[in-house]
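A.B. asks: Got a structure here, written out as structure tokens. Questions coming.
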Protein chains: 2
Amino acid sequence: MSIDKSTADSGCPHNSHISCGNCRLGTICLPLALENEEVVKLEEIVQRGRPLQKGEHVYREHDQFTAVFAVRSGSFKAYKLTDSGKEQVTGFYFPGEVFGMDGISKDIYTNSAKALETSAVCEIPFNHLEQLSVQIPTMQRHFFQLMSQEITEDQQLITLLSKNTAEERIAALLLSVSARNARRQLSATCFRLPMSRADIGNYMGITVETVSRVFTRFAKLGLIEVDSKEVNLLNIDGLKESANIT
Amino acid sequence: MSIDKSTADSGCPHNSHISCGNCRLGTICLPLALENEEVVKLEEIVQRGRPLQKGEHVYREHDQFTAVFAVRSGSFKAYKLTDSGKEQVTGFYFPGEVFGMDGISKDIYTNSAKALETSAVCEIPFNHLEQLSVQIPTMQRHFFQLMSQEITEDQQLITLLSKNTAEERIAALLLSVSARNARRQLSATCFRLPMSRADIGNYMGITVETVSRVFTRFAKLGLIEVDSKEVNLLNIDGLKESANIT
DNA sequence: CGCCTGGTTGAGAATCATCAACATCTGTGG
DNA sequence: CCACAGATGTTGATGATTCTCAACCAGGCG
């Protein structure tokens with residue numbers, strides 16, 4: 001909100017000409033143990049794209065798979081259309097996180113990815129990444145890990161959807177966003193949810209109405225404060241109890 | 001059921017001394033475009049394990065991650081325990097399919113894997129596989145694809161859990177097992193479900209009772225025949241309609 | 001200013017979970 | 001070979017959570 005692009009220092013990911021080496025998101029999206037000269041090789045293949053407007057697509061379902069993407073600023077949602085034409089949100093991505101890996105298996109993206117707000121991505125062409133992975137084993141390992149992490153997270157969501165109530169799901173989502181914010185040195189308690197209530201409900205397998213009701217219920221219990229998209233987690237431990245996570 | 005191990009030919013995956021080169025599951029778990037000499041390299045690192053009895057574990061949640069596994073014969077389920085101690089089934093694996101990739105990200109398995117019946121696996125030590133991937137780009141690509149496929153499948157399950165009714169979920173499961181059977185040149189209509197009703201319900205996010213009811217409902221509609229674990233899909237198109245897949 | 005999208009709230013309906021009883025299957029030991 | 005116990009599966013009755021439908025409210029934008 002209050003980020004002033006004109007005075008953005010080299011650590012600000014909005015700035016499109018800074019390099020991986022001094023991007024402050026590096027610790028999230030890069031392998032930690034990368035040599036300087038290896039970072040240079042990586043930088044050669046990474047394409048820092050122009051900003052995307054809210055609603056713009058990075059790629060669409062069934063597009064030819066060419067690259068994976070790291071969120072530079074803003075946020076994205078991945079979704080697919082079911083056979084009956086309904087949307088299914090499969091994930092939200094915040095700065096430093098990598099998406100697009102679903103496309104590898106069939107050489108075609110199985111999801112669409114669109115910006116939830118004005119955002120920017122780094123594009124990492126996959127054929128180059130493969131070559132680089134052969135040269136730099138650390139890179140290969142890191143990328144295996146990123147994919148494995150996606151699997152783990154999807155499985156957590158599966159558990160959530162298959163076992164938990166609406167309240168537990170919402171609590172888990174809030175805690176997830178909170179934790180991911182903390183990883184970027186941002187507030188773990190006070191933040192803006194970039195996605196709509198409909199997206200939340202869709203992602204969590206509940207209706208908008210239920211999302212809305214749970215939010216107000218949480219607010220009445222003093223667990224959170226809500227002002228449209230802005231939320232303030234007043235009682236994280238209470239939320240964790242509601243999420244059934246200890 | 002009627003497999004006679006004593007007369008098992010070299011193509012039978014029960015036979016523990018056959019190699020990847022002439023394993024009839026090769027087309028499923030191996031990259032197609034592998035040179036002969038490359039297959040030899042792969043065979044050097046693959047460990048063909050002893051049979052596992054029903055209920056035996058391949059690995060347990062929180063174990064040190066060492067290897068991924070290809071199902072040689074039988075079937076497995078992957079599951080994890082939730083914080084509240086309940087079980088969550090995260091996948092079923094049939095011959096030719098690879099599991100254990102969830103462990104890569106943290107170097108620790110995030111699931112347990114146990115045999116649903118007498119089964120056998122090929123163990124592929126991951127450090128060797130990484131080295132091999134550097135030598136054989138096709139291998140790297142193939143492994144990326146396997147992981148990406150796991151992501152895609154998990155996301156399909158997410159959609160199922162988040163949007164579909166009990167009937168649709170069961171229909172989808174039956175069709176999934178059917179398709180995976182067909183891939184192994186087995187009957188797409190008549191097969192045995194190796195997992196319990198409880199496992200099915202757990203995986204699909206519904207209770208055993210509901211599973212049972214849906215099975216009998218499907219049977220009454222003439223869509224399937226059920227005799228305990230044996231099922232016969234009488235009307236695949238009808239099932240696809242029930243699953244909302246066209 | 002009014003329209004449209006997105007969000008909230010309410011009332012009734014439906015699916016599925018829960019609880020409970022009963023049936024069946026499996027394997028074990030007499 | 002049979003009897004029995006425990007696990008697994010089926011069926012029924014009841015109830016709760018969540019969905020659906022509907023009205024209404026708030027904010028952004030032409």
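By convention in this document, the chains of the structure tokens carry letters A, B, ... by their order, each chain's residues are numbered from 1, and ligands are numbered from 1 in the order they are shown.
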Quick check: residues of chain D within 12 Å of chain B, only C-alpha atoms (C1' of nucleotides), returned as a list in words.
C.D. replies: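 Listed by rising number, the hits are DA7, DT8, DG9, DT10, DT11, DG12 and DC19 of chain D.
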A.B. asks: Could you save the residues just selected, with N, CA and C atoms (P, O5', C5', C4', C3', O3' and C1' of nucleotides), as a tab-separated table (two decimals), in the first residue's frame?
C.D. replies:
chain	number	residue	atom	x	y	z
D	7	DA	P	-10.55	-55.83	16.65
D	7	DA	O5'	-10.63	-55.79	15.06
D	7	DA	C5'	-9.90	-56.74	14.30
D	7	DA	C4'	-10.49	-56.82	12.90
D	7	DA	C3'	-10.78	-55.46	12.27
D	7	DA	O3'	-10.33	-55.49	10.92
D	7	DA	C1'	-12.72	-56.78	12.23
D	8	DT	P	-10.29	-54.21	10.03
D	8	DT	O5'	-11.53	-54.39	9.06
D	8	DT	C5'	-11.68	-55.60	8.32
D	8	DT	C4'	-13.04	-55.62	7.66
D	8	DT	C3'	-13.47	-54.28	7.04
D	8	DT	O3'	-13.76	-54.52	5.67
D	8	DT	C1'	-15.21	-55.22	8.32
D	9	DG	P	-14.29	-53.37	4.71
D	9	DG	O5'	-15.86	-53.63	4.69
D	9	DG	C5'	-16.36	-54.86	4.21
D	9	DG	C4'	-17.86	-54.91	4.37
D	9	DG	C3'	-18.60	-53.71	3.75
D	9	DG	O3'	-19.61	-54.22	2.89
D	9	DG	C1'	-19.32	-54.10	5.97
D	10	DT	P	-20.46	-53.24	2.01
D	10	DT	O5'	-21.88	-53.26	2.75
D	10	DT	C5'	-22.56	-54.50	2.90
D	10	DT	C4'	-23.80	-54.30	3.73
D	10	DT	C3'	-24.76	-53.22	3.23
D	10	DT	O3'	-26.00	-53.83	2.96
D	10	DT	C1'	-24.41	-53.03	5.58
D	11	DT	P	-27.11	-53.08	2.15
D	11	DT	O5'	-28.06	-52.49	3.27
D	11	DT	C5'	-28.61	-53.37	4.25
D	11	DT	C4'	-29.23	-52.57	5.38
D	11	DT	C3'	-30.08	-51.35	4.94
D	11	DT	O3'	-31.41	-51.58	5.34
D	11	DT	C1'	-28.69	-50.85	6.80
D	12	DG	P	-32.57	-50.58	4.92
D	12	DG	O5'	-32.83	-49.80	6.28
D	12	DG	C5'	-33.00	-50.51	7.49
D	12	DG	C4'	-33.15	-49.55	8.65
D	12	DG	C3'	-33.92	-48.26	8.34
D	12	DG	O3'	-34.92	-48.06	9.34
D	12	DG	C1'	-31.83	-47.76	9.36
D	19	DC	P	-21.09	-25.38	2.05
D	19	DC	O5'	-22.37	-25.53	1.12
D	19	DC	C5'	-22.78	-26.84	0.73
D	19	DC	C4'	-24.14	-26.80	0.06
D	19	DC	C3'	-24.28	-25.72	-1.01
D	19	DC	O3'	-24.94	-26.25	-2.15
D	19	DC	C1'	-25.94	-25.42	0.66
A.B. asks: Please report as a ChimeraX atom specification which residues of chain C come no farther than 9 Å from chain B, using only C-alpha atoms (C1' of nucleotides).
C.D. replies: /C:15-17
A.B. asks: What residues in range 14-113 of chain A get the DSSP label alpha helix (DSSP H)? Please answer as JSON, numbers by chain.
C.D. replies: {"A": [26, 27, 28, 29, 36, 37, 38, 39, 40, 41, 42, 43, 44, 45]}
A.B. asks: Pull out every residue of chain A that has at least one atom within 9 Å of chain B, counting only C-alpha atoms, and report them as an MDAnalysis selection string.
C.D. replies: chainID A and resid 82:84 88:90 101:107 110 130:131 133:137 140:152 154:155 157:159 161:163 202:206 244:246
A.B. asks: Those same residues - N, CA and C atoms - I'd like them written as a compact mmCIF listing (two decimals), in the first residue's frame.
C.D. replies:
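What landed in result-v3.txt:
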# COMPACT_ATOMS: atom_id res chain seq x y z
N THR A 82 -13.63 -27.04 -14.28
CA THR A 82 -14.08 -28.43 -14.27
C THR A 82 -14.84 -28.70 -15.57
N ASP A 83 -15.10 -29.97 -15.82
CA ASP A 83 -15.78 -30.35 -17.06
C ASP A 83 -17.12 -29.64 -17.19
N SER A 84 -17.72 -29.36 -16.05
CA SER A 84 -19.02 -28.70 -16.10
C SER A 84 -18.87 -27.18 -16.12
N GLN A 88 -12.32 -24.08 -10.29
CA GLN A 88 -11.76 -24.64 -9.06
C GLN A 88 -10.43 -23.97 -8.79
N VAL A 89 -10.37 -23.24 -7.71
CA VAL A 89 -9.11 -22.59 -7.32
C VAL A 89 -8.20 -23.64 -6.70
N THR A 90 -6.97 -23.73 -7.20
CA THR A 90 -6.06 -24.77 -6.70
C THR A 90 -4.91 -24.19 -5.88
N MET A 101 4.40 -25.43 -12.01
CA MET A 101 5.07 -26.73 -12.12
C MET A 101 4.13 -27.85 -12.52
N ASP A 102 2.84 -27.61 -12.41
CA ASP A 102 1.86 -28.61 -12.84
C ASP A 102 1.98 -28.90 -14.34
N GLY A 103 2.56 -27.95 -15.08
CA GLY A 103 2.62 -28.12 -16.53
C GLY A 103 3.66 -29.10 -17.01
N ILE A 104 4.60 -29.44 -16.15
CA ILE A 104 5.74 -30.24 -16.58
C ILE A 104 5.33 -31.61 -17.11
N SER A 105 4.37 -32.22 -16.42
CA SER A 105 4.10 -33.62 -16.72
C SER A 105 3.60 -33.83 -18.14
N LYS A 106 2.74 -32.97 -18.62
CA LYS A 106 2.17 -33.16 -19.96
C LYS A 106 2.66 -32.11 -20.95
N ASP A 107 3.58 -31.26 -20.53
CA ASP A 107 4.06 -30.17 -21.37
C ASP A 107 2.96 -29.17 -21.68
N THR A 110 -1.89 -27.31 -16.63
CA THR A 110 -3.18 -27.88 -16.26
C THR A 110 -4.01 -26.87 -15.48
N GLU A 130 16.24 -26.83 -16.89
CA GLU A 130 16.68 -28.23 -16.93
C GLU A 130 18.17 -28.31 -17.19
N GLN A 131 18.64 -27.53 -18.16
CA GLN A 131 20.07 -27.53 -18.47
C GLN A 131 20.89 -27.08 -17.27
N SER A 133 20.05 -27.29 -14.23
CA SER A 133 19.98 -28.31 -13.19
C SER A 133 21.03 -29.38 -13.38
N VAL A 134 21.36 -29.62 -14.65
CA VAL A 134 22.38 -30.62 -14.93
C VAL A 134 23.75 -30.06 -14.55
N GLN A 135 23.94 -28.76 -14.78
CA GLN A 135 25.23 -28.15 -14.45
C GLN A 135 25.40 -27.93 -12.95
N ILE A 136 24.31 -27.53 -12.32
CA ILE A 136 24.39 -27.19 -10.90
C ILE A 136 23.50 -28.14 -10.09
N PRO A 137 24.08 -29.19 -9.52
CA PRO A 137 23.26 -30.16 -8.79
C PRO A 137 22.41 -29.51 -7.70
N GLN A 140 19.21 -28.53 -9.18
CA GLN A 140 18.32 -29.67 -9.40
C GLN A 140 17.63 -30.06 -8.11
N ARG A 141 18.45 -30.19 -7.09
CA ARG A 141 17.92 -30.57 -5.79
C ARG A 141 16.86 -29.56 -5.32
N HIS A 142 17.19 -28.28 -5.49
CA HIS A 142 16.26 -27.25 -5.06
C HIS A 142 14.93 -27.35 -5.80
N PHE A 143 15.03 -27.63 -7.07
CA PHE A 143 13.79 -27.68 -7.84
C PHE A 143 12.98 -28.92 -7.51
N PHE A 144 13.66 -30.01 -7.29
CA PHE A 144 12.96 -31.19 -6.78
C PHE A 144 12.23 -30.85 -5.50
N GLN A 145 12.91 -30.10 -4.65
CA GLN A 145 12.31 -29.75 -3.37
C GLN A 145 11.09 -28.85 -3.53
N LEU A 146 11.19 -27.90 -4.46
CA LEU A 146 10.05 -27.02 -4.69
C LEU A 146 8.83 -27.83 -5.12
N MET A 147 9.06 -28.79 -5.99
CA MET A 147 7.93 -29.59 -6.47
C MET A 147 7.39 -30.47 -5.37
N SER A 148 8.30 -31.04 -4.62
CA SER A 148 7.88 -31.88 -3.51
C SER A 148 7.07 -31.08 -2.50
N GLN A 149 7.49 -29.84 -2.31
CA GLN A 149 6.77 -28.98 -1.38
C GLN A 149 5.35 -28.73 -1.87
N GLU A 150 5.22 -28.51 -3.15
CA GLU A 150 3.89 -28.32 -3.74
C GLU A 150 3.03 -29.56 -3.45
N ILE A 151 3.62 -30.73 -3.60
CA ILE A 151 2.89 -31.97 -3.31
C ILE A 151 2.44 -32.00 -1.85
N THR A 152 3.38 -31.70 -0.97
CA THR A 152 3.06 -31.72 0.46
C THR A 152 1.93 -30.75 0.78
N ASP A 154 -0.37 -29.55 -1.27
CA ASP A 154 -1.63 -30.05 -1.83
C ASP A 154 -2.22 -31.12 -0.92
N GLN A 155 -1.36 -31.96 -0.37
CA GLN A 155 -1.87 -33.03 0.48
C GLN A 155 -2.42 -32.50 1.78
N LEU A 157 -3.92 -29.67 1.96
CA LEU A 157 -5.23 -29.16 1.57
C LEU A 157 -6.23 -30.31 1.45
N ILE A 158 -5.79 -31.41 0.89
CA ILE A 158 -6.66 -32.59 0.77
C ILE A 158 -7.17 -33.00 2.14
N THR A 159 -6.26 -33.06 3.10
CA THR A 159 -6.66 -33.42 4.46
C THR A 159 -7.70 -32.45 4.99
N LEU A 161 -9.75 -30.54 3.35
CA LEU A 161 -11.03 -30.64 2.66
C LEU A 161 -11.78 -31.90 3.07
N SER A 162 -11.03 -32.92 3.42
CA SER A 162 -11.69 -34.20 3.62
C SER A 162 -12.10 -34.39 5.07
N LYS A 163 -11.50 -33.65 5.99
CA LYS A 163 -11.77 -33.91 7.40
C LYS A 163 -12.33 -32.72 8.17
N ASN A 202 -14.20 -21.05 -2.78
CA ASN A 202 -13.92 -21.99 -3.85
C ASN A 202 -12.71 -22.87 -3.48
N TYR A 203 -11.66 -22.22 -3.04
CA TYR A 203 -10.43 -22.93 -2.68
C TYR A 203 -10.66 -23.89 -1.52
N MET A 204 -11.45 -23.46 -0.54
CA MET A 204 -11.66 -24.25 0.66
C MET A 204 -12.85 -25.20 0.57
N GLY A 205 -13.51 -25.20 -0.57
CA GLY A 205 -14.63 -26.11 -0.75
C GLY A 205 -15.87 -25.75 0.03
N ILE A 206 -16.11 -24.47 0.23
CA ILE A 206 -17.34 -24.02 0.88
C ILE A 206 -17.91 -22.84 0.10
N ASN A 244 -7.80 -26.64 14.75
CA ASN A 244 -7.43 -27.97 15.20
C ASN A 244 -5.96 -28.28 14.90
N ILE A 245 -5.16 -27.24 15.02
CA ILE A 245 -3.73 -27.41 14.83
C ILE A 245 -3.04 -26.93 16.10
N THR A 246 -2.24 -27.79 16.68
CA THR A 246 -1.65 -27.42 17.96
C THR A 246 -0.22 -26.94 17.84
A.B. asks: Give the superposed chain A as a compact mmCIF listing (two decimals) with C-alpha atoms, in the first residue's frame, the fit being least squares on chain B over all ordered C-alpha pairs.
C.D. replies:
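Writing done, so here's out.txt:
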# COMPACT_ATOMS: atom_id res chain seq x y z
CA MET A 1 -5.46 -64.30 -7.87
CA SER A 2 -4.66 -66.95 -10.40
CA ILE A 3 -1.08 -65.91 -10.89
CA ASP A 4 1.15 -68.95 -10.61
CA LYS A 5 4.49 -67.75 -9.40
CA SER A 6 6.28 -70.96 -10.26
CA THR A 7 5.65 -70.51 -13.94
CA ALA A 8 6.04 -66.76 -13.89
CA ASP A 9 7.82 -65.67 -17.01
CA SER A 10 10.36 -62.89 -17.09
CA GLY A 11 7.60 -60.35 -17.72
CA CYS A 12 5.87 -61.01 -14.46
CA PRO A 13 6.63 -58.35 -11.87
CA HIS A 14 6.25 -60.76 -8.99
CA ASN A 15 9.47 -62.36 -10.06
CA SER A 16 12.10 -60.57 -8.04
CA HIS A 17 15.10 -61.20 -10.25
CA ILE A 18 13.87 -59.75 -13.50
CA SER A 19 15.40 -56.44 -14.54
CA CYS A 20 13.92 -53.10 -15.56
CA GLY A 21 14.78 -53.88 -19.17
CA ASN A 22 12.27 -56.66 -19.48
CA CYS A 23 9.84 -55.76 -16.71
CA ARG A 24 6.48 -55.45 -18.35
CA LEU A 25 5.76 -52.42 -16.20
CA GLY A 26 8.63 -50.57 -17.83
CA THR A 27 6.39 -48.60 -20.11
CA ILE A 28 4.64 -47.16 -17.10
CA CYS A 29 7.41 -46.36 -14.69
CA LEU A 30 10.33 -45.76 -17.07
CA PRO A 31 10.88 -42.97 -19.52
CA LEU A 32 10.10 -44.30 -22.96
CA ALA A 33 13.13 -42.94 -24.74
CA LEU A 34 15.80 -44.59 -22.67
CA GLU A 35 18.83 -46.08 -24.42
CA ASN A 36 19.83 -49.60 -23.59
CA GLU A 37 22.98 -48.58 -21.81
CA GLU A 38 20.99 -46.05 -19.80
CA VAL A 39 18.62 -48.74 -18.66
CA VAL A 40 21.63 -50.67 -17.46
CA LYS A 41 22.76 -47.70 -15.37
CA LEU A 42 19.31 -47.45 -13.88
CA GLU A 43 19.22 -51.12 -13.09
CA GLU A 44 22.43 -50.77 -11.18
CA ILE A 45 20.83 -48.47 -8.65
CA VAL A 46 17.38 -50.01 -8.41
CA GLN A 47 16.99 -52.39 -5.53
CA ARG A 48 14.35 -55.01 -5.94
CA GLY A 49 13.05 -55.65 -2.50
CA ARG A 50 11.60 -58.68 -0.86
CA PRO A 51 7.82 -59.05 -0.81
CA LEU A 52 5.89 -57.15 1.83
CA GLN A 53 3.00 -58.65 3.74
CA LYS A 54 -0.34 -56.91 4.00
CA GLY A 55 -0.05 -54.11 6.54
CA GLU A 56 3.75 -53.87 6.40
CA HIS A 57 5.19 -50.41 6.00
CA VAL A 58 7.56 -49.31 3.27
CA TYR A 59 8.35 -46.23 5.31
CA ARG A 60 6.72 -44.20 8.00
CA GLU A 61 5.91 -40.55 8.38
CA HIS A 62 8.94 -38.66 9.80
CA ASP A 63 11.38 -41.33 8.66
CA GLN A 64 14.54 -40.07 7.01
CA PHE A 65 13.92 -39.79 3.28
CA THR A 66 16.21 -42.10 1.33
CA ALA A 67 14.44 -43.42 -1.71
CA VAL A 68 11.40 -43.38 -3.90
CA PHE A 69 9.58 -46.59 -4.70
CA ALA A 70 7.95 -48.14 -7.72
CA VAL A 71 5.19 -50.64 -7.13
CA ARG A 72 6.20 -53.97 -8.57
CA SER A 73 3.17 -55.98 -7.54
CA GLY A 74 0.25 -55.59 -5.18
CA SER A 75 -0.85 -52.17 -3.97
CA PHE A 76 -0.10 -49.56 -1.35
CA LYS A 77 -1.76 -46.74 0.45
CA ALA A 78 -0.09 -43.55 1.57
CA TYR A 79 -1.48 -41.85 4.63
CA LYS A 80 -0.60 -39.41 7.34
CA LEU A 81 -1.81 -38.83 10.86
CA THR A 82 -3.47 -35.50 11.56
CA ASP A 83 -2.56 -33.57 14.68
CA SER A 84 -5.60 -35.01 16.35
CA GLY A 85 -4.37 -38.50 15.62
CA LYS A 86 -6.78 -39.38 12.86
CA GLU A 87 -5.62 -41.02 9.69
CA GLN A 88 -5.79 -39.28 6.34
CA VAL A 89 -5.30 -41.43 3.27
CA THR A 90 -3.49 -39.41 0.61
CA GLY A 91 -3.20 -41.91 -2.17
CA PHE A 92 -3.36 -45.45 -3.49
CA TYR A 93 -0.60 -46.87 -5.65
CA PHE A 94 -0.79 -49.70 -8.16
CA PRO A 95 1.89 -51.59 -10.10
CA GLY A 96 4.12 -49.33 -12.18
CA GLU A 97 3.31 -46.25 -10.12
CA VAL A 98 5.91 -44.36 -8.14
CA PHE A 99 5.49 -43.04 -4.62
CA GLY A 100 7.53 -41.47 -1.85
CA MET A 101 8.25 -38.21 -3.59
CA ASP A 102 6.64 -36.17 -0.84
CA GLY A 103 9.77 -36.80 1.21
CA ILE A 104 12.11 -34.85 -1.03
CA SER A 105 11.26 -31.39 0.16
CA LYS A 106 12.19 -31.82 3.82
CA ASP A 107 14.35 -34.95 3.52
CA ILE A 108 11.73 -36.64 5.63
CA TYR A 109 8.72 -38.61 4.50
CA THR A 110 5.52 -36.71 5.17
CA ASN A 111 3.41 -39.82 4.69
CA SER A 112 3.48 -43.41 5.77
CA ALA A 113 3.17 -46.06 3.09
CA LYS A 114 1.82 -49.53 3.80
CA ALA A 115 0.98 -52.55 1.70
CA LEU A 116 -2.72 -53.23 1.19
CA GLU A 117 -1.97 -56.83 0.28
CA THR A 118 1.10 -58.95 -0.34
CA SER A 119 3.15 -56.67 -2.53
CA ALA A 120 6.62 -55.83 -3.76
CA VAL A 121 8.41 -52.60 -4.56
CA CYS A 122 11.50 -51.49 -6.38
CA GLU A 123 13.52 -49.13 -4.25
CA ILE A 124 15.29 -46.30 -6.01
CA PRO A 125 17.78 -44.56 -3.68
CA PHE A 126 17.29 -40.87 -4.23
CA ASN A 127 20.91 -39.74 -4.12
CA HIS A 128 21.72 -42.19 -6.88
CA LEU A 129 18.73 -41.05 -8.83
CA GLU A 130 19.88 -37.47 -8.55
CA GLN A 131 23.30 -38.40 -9.89
CA LEU A 132 21.76 -40.40 -12.66
CA SER A 133 19.50 -37.48 -13.53
CA VAL A 134 22.56 -35.35 -14.08
CA GLN A 135 24.06 -37.96 -16.40
CA ILE A 136 20.88 -38.78 -18.26
CA PRO A 137 18.76 -35.71 -19.00
CA THR A 138 15.90 -37.96 -20.06
CA MET A 139 15.86 -39.37 -16.54
CA GLN A 140 15.72 -35.93 -15.02
CA ARG A 141 12.91 -34.92 -17.28
CA HIS A 142 11.04 -38.13 -16.53
CA PHE A 143 11.33 -37.63 -12.84
CA PHE A 144 10.20 -34.05 -13.06
CA GLN A 145 7.23 -35.37 -14.95
CA LEU A 146 6.43 -38.00 -12.35
CA MET A 147 6.38 -35.37 -9.65
CA SER A 148 4.36 -33.00 -11.73
CA GLN A 149 1.90 -35.78 -12.37
CA GLU A 150 1.53 -36.34 -8.65
CA ILE A 151 0.74 -32.63 -8.31
CA THR A 152 -1.85 -32.80 -11.06
CA GLU A 153 -3.50 -35.82 -9.52
CA ASP A 154 -3.58 -34.26 -6.08
CA GLN A 155 -5.23 -31.21 -7.58
CA GLN A 156 -7.84 -33.35 -9.23
CA LEU A 157 -8.57 -34.86 -5.86
CA ILE A 158 -8.80 -31.38 -4.36
CA THR A 159 -11.39 -30.46 -6.95
CA LEU A 160 -13.29 -33.63 -6.26
CA LEU A 161 -13.32 -33.04 -2.51
CA SER A 162 -14.25 -29.43 -2.79
CA LYS A 163 -17.03 -29.61 -5.37
CA ASN A 164 -18.47 -33.07 -5.68
CA THR A 165 -21.07 -35.14 -3.90
CA ALA A 166 -20.45 -38.53 -2.34
CA GLU A 167 -21.75 -40.32 -5.42
CA GLU A 168 -19.54 -38.33 -7.73
CA ARG A 169 -16.50 -39.09 -5.61
CA ILE A 170 -17.08 -42.82 -5.55
CA ALA A 171 -17.80 -42.90 -9.27
CA ALA A 172 -14.57 -41.00 -9.88
CA LEU A 173 -12.60 -43.44 -7.74
CA LEU A 174 -13.99 -46.45 -9.55
CA LEU A 175 -13.20 -44.87 -12.89
CA SER A 176 -9.70 -44.00 -11.74
CA VAL A 177 -8.94 -47.55 -10.67
CA SER A 178 -10.48 -48.79 -13.88
CA ALA A 179 -8.28 -46.54 -16.02
CA ARG A 180 -5.17 -47.50 -14.13
CA ASN A 181 -6.01 -51.15 -14.62
CA ALA A 182 -6.47 -50.62 -18.32
CA ARG A 183 -3.04 -49.03 -18.50
CA ARG A 184 -1.64 -52.32 -17.28
CA GLN A 185 -3.60 -54.29 -19.88
CA LEU A 186 -5.98 -55.58 -17.23
CA SER A 187 -9.74 -55.49 -17.26
CA ALA A 188 -11.17 -52.01 -17.07
CA THR A 189 -14.52 -53.31 -15.87
CA CYS A 190 -13.91 -56.19 -13.53
CA PHE A 191 -11.42 -55.94 -10.72
CA ARG A 192 -10.73 -56.15 -7.03
CA LEU A 193 -10.51 -53.06 -4.84
CA PRO A 194 -7.58 -53.83 -2.54
CA MET A 195 -8.49 -51.17 0.01
CA SER A 196 -11.17 -51.29 2.69
CA ARG A 197 -14.34 -49.27 2.59
CA ALA A 198 -12.91 -47.25 5.44
CA ASP A 199 -9.86 -46.37 3.34
CA ILE A 200 -12.06 -45.37 0.43
CA GLY A 201 -14.18 -43.17 2.62
CA ASN A 202 -11.17 -41.67 4.29
CA TYR A 203 -9.52 -40.91 0.96
CA MET A 204 -12.69 -39.44 -0.53
CA GLY A 205 -13.64 -37.44 2.54
CA ILE A 206 -16.81 -39.34 3.38
CA THR A 207 -17.76 -41.85 6.05
CA VAL A 208 -17.76 -45.64 5.67
CA GLU A 209 -21.51 -45.67 5.94
CA THR A 210 -21.89 -43.28 3.04
CA VAL A 211 -19.46 -45.31 0.94
CA SER A 212 -21.50 -48.40 1.62
CA ARG A 213 -24.76 -46.66 0.78
CA VAL A 214 -23.41 -45.28 -2.49
CA PHE A 215 -22.16 -48.71 -3.51
CA THR A 216 -25.56 -50.28 -2.95
CA ARG A 217 -27.26 -47.35 -4.67
CA PHE A 218 -25.01 -47.80 -7.72
CA ALA A 219 -25.70 -51.52 -7.68
CA LYS A 220 -29.46 -50.94 -7.57
CA LEU A 221 -29.13 -48.56 -10.51
CA GLY A 222 -27.39 -51.30 -12.44
CA LEU A 223 -24.19 -49.32 -12.76
CA ILE A 224 -22.03 -51.82 -10.94
CA GLU A 225 -22.03 -55.24 -9.35
CA VAL A 226 -20.39 -55.59 -5.97
CA ASP A 227 -19.28 -58.64 -4.09
CA SER A 228 -17.32 -57.38 -1.12
CA LYS A 229 -14.06 -56.16 -2.68
CA GLU A 230 -14.76 -57.42 -6.18
CA VAL A 231 -16.50 -54.93 -8.43
CA ASN A 232 -17.81 -55.15 -11.94
CA LEU A 233 -18.49 -51.93 -13.79
CA LEU A 234 -21.61 -52.69 -15.80
CA ASN A 235 -22.18 -49.26 -17.23
CA ILE A 236 -19.08 -47.12 -17.50
CA ASP A 237 -20.83 -44.30 -19.32
CA GLY A 238 -23.44 -44.18 -16.61
CA LEU A 239 -20.68 -44.01 -14.02
CA LYS A 240 -19.05 -41.19 -15.92
CA GLU A 241 -22.34 -39.32 -15.79
CA SER A 242 -22.56 -39.95 -12.08
CA ALA A 243 -19.03 -38.65 -11.75
CA ASN A 244 -19.91 -35.58 -13.80
CA ILE A 245 -17.09 -36.36 -16.17
CA THR A 246 -17.88 -36.39 -19.85
A.B. asks: Would you compute the distance between C1' of DC24 in chain D and C1' of DT8 in chain C? Give it in Å to one decimal.
C.D. replies: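 A separation of 8.3 Å between them.
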A.B. asks: Do you know which residues are at most 10 Å from DA5 in chain D counting only C-alpha atoms (C1' of nucleotides), after dropping those on the same chain fewer than 2 positions away, and could you put them as a list of chain:residue names?
C.D. replies: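 Counting only C-alpha atoms (C1' of nucleotides), the residues come to C:DG27, C:DT28, D:DA3, D:DA7.
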A.B. asks: Those residues with C-alpha atoms (C1' of nucleotides), as a CSV table (one decimal), in the first residue's frame please?
C.D. replies:
chain,number,residue,atom,x,y,z
C,27,DG,C1',-8.5,-66.2,11.0
C,28,DT,C1',-7.4,-68.7,15.2
D,3,DA,C1',-16.8,-72.4,17.0
D,7,DA,C1',-12.7,-56.8,12.2
A.B. asks: Check range 31-117 of chain A with DSSP on the backbone and list each residue it calls strand (DSSP E or B), as number ranges by chain.
C.D. replies: A: 47-48, 52, 57-59, 64, 67-73, 76-81, 87-93, 98-99, 108, 112-115
A.B. asks: Calculate how many Å separate C1' of DA23 in chain C from C1' of DC2 in chain D, rounding to one decimal.
C.D. replies: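 That distance, rounded to one decimal, is 19.6 Å.
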A.B. asks: Tell me, as a list in words, which residues lie within 10 Å of DG10 in chain C, counting only C-alpha atoms (C1' of nucleotides); anything in the same chain fewer than 2 positions away does not count.
C.D. replies: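 Near neighbours after the sequence-gap exclusion: DT8 and DG12 of chain C; DA22 and DA23 of chain D.
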